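Trainee: Pasting in a structure now, in structure tokens, and then I'll have a few things to ask.
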There are 2 protein chains.
Amino acid sequence: MVDALDFKIIESLKVNSRTSFVEIGKQIGLSPSSVRERVQKLEDAEVIKGYNVKLNNKKLGFGLEVFIMFKLFSGKLQIFCDDLNRFPEIYEVYRITGTHNIFMKVVLIDQLHLQQFIDRLLVYGEPTTHLILSDLKDL
Amino acid sequence: MVDALDFKIIESLKVNSRTSFVEIGKQIGLSPSSVRERVQKLEDAEVIKGYNVKLNNKKLGFGLEVFIMFKLFSGKLQIFCDDLNRFPEIYEVYRITGTHNIFMKVVLIDQLHLQQFIDRLLVYGEPTTHLILSDLKDL
DNA sequence: ATTGAAACGGCCCCACC
DNA sequence: GGTGGGGCCGTTTCAAT
């Protein structure tokens, strides 16, 4: 279903998702048309779910990034999911195993913003906050 | 430094980082040249750090995604950072506040692979594993 | 900092293998 | 499933503002 060439294409897109099909073709020895066709198929099969930009949030005025381990109150999962779009601060959110059954990555302006954000979360459950100090991949 | 137009460009790239400069220009009422120049400056200023592809790891044969909260042994931070590139399974890794001072997202093939991975981590510290059950943004 | 124009290169479709 | 070509569209550069 996904062969070695597809993997190479994906590797190339991992490095830089804006890489042109011509460039990818050169790297893996395939014509641009073929690369395009394979990428199209990977998108159709939802192996590729989208293309993201990696930002420096600090430089955009969002100086605080935190992880929140969240213990949902019983029966609150559905309403929490429904309300998710009211929290633009939530960048990623997953259900996980453990007593804290929700994990989220949250991007905030400052500590006041964090405080207000946590206050809004308290309706749904019990948050435990971890500040992100540094990205070890950036060092 | 980063003005309203830059924000609009970034919003557009957040939705799809492969969006062409022509298309972005149409959306925000700017010529392709100007969009390109602004993106170039955002890249140079490292506001934009890169362009990623969002993958369905399950469909690529990596059926297990986990978060690991990691309590580094005293004095092991430097060597752990130096050895990071020996763990291709580690997708993201951050220093965080709390007794578990490292957080990582790890992509694995199966439970056996997880077991082997954790065994290799034990040199550096004490891991606590949380399986990712679902991405709530996907629902 | 933005623009339009021109040259270049990539994308896309389709016919063919 | 891969290729090659023609037309179209996007990108890049640059002079002008």
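Just so we're on the same page: first chain in the structure tokens is A, next is B, and so on; residues restart at 1 for each chain, and ligands are numbered from 1 in the order they show up.
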Do you have, as a Markdown table, the list of residues of chain B lying at most 12 Å from chain C, each with its nearest atom pair and that distance in Å to one decimal, counting only C-alpha atoms (C1' of nucleotides) and ordered by chain then number?
Mentor:
| residue | atom | partner | partner_atom | distance |
| --- | --- | --- | --- | --- |
| B:Leu5 | CA | C:DA1 | C1' | 11.9 |
| B:Ser20 | CA | C:DC11 | C1' | 11.6 |
| B:Gly29 | CA | C:DT2 | C1' | 11.6 |
| B:Leu30 | CA | C:DT2 | C1' | 8.5 |
| B:Ser31 | CA | C:DT3 | C1' | 7.4 |
| B:Pro32 | CA | C:DT3 | C1' | 9.7 |
| B:Ser33 | CA | C:DT3 | C1' | 8.0 |
| B:Ser34 | CA | C:DT2 | C1' | 6.3 |
| B:Val35 | CA | C:DT2 | C1' | 9.8 |
| B:Arg36 | CA | C:DT2 | C1' | 11.4 |
| B:Glu37 | CA | C:DA1 | C1' | 9.3 |
| B:Arg38 | CA | C:DA1 | C1' | 9.4 |
| B:Lys41 | CA | C:DA1 | C1' | 11.8 |
Trainee: Could you give me, as CSV, every chain D residue with an atom at most 9 Å from chain A, plus its closest atom pair and distance in Å to one decimal, counting only C-alpha atoms (C1' of nucleotides), rows ordered by chain then number?
Mentor:
residue,atom,partner,partner_atom,distance
D:DG1,C1',A:Ser34,CA,8.4
D:DG2,C1',A:Ser34,CA,6.6
D:DT3,C1',A:Ser31,CA,7.2
Trainee: Please identify every residue of chain B that has at least one atom no more than 9 Å from any atom of chain A, counting only C-alpha atoms, and report them as a PyMOL selection string.
Mentor: chain B and resi 2+7+10+13-19+45-60+66-67+81+84+92-98+103+129-137+139
Trainee: Could you tell me how far CA of Phe73 in chain B lies from CA of Lys105 in chain B, in Å and to one decimal?
Mentor: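 Interatomic distance, CA of Phe73 in chain B to CA of Lys105 in chain B: 19.3 Å.
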Trainee: Enumerate, as a ChimeraX atom specification, the complete set of residues in range 47-125 of chain B that a backbone-based DSSP assignment places in strand (DSSP E or B).
Mentor: /B:48-55,64-72,90-96,102-108,125
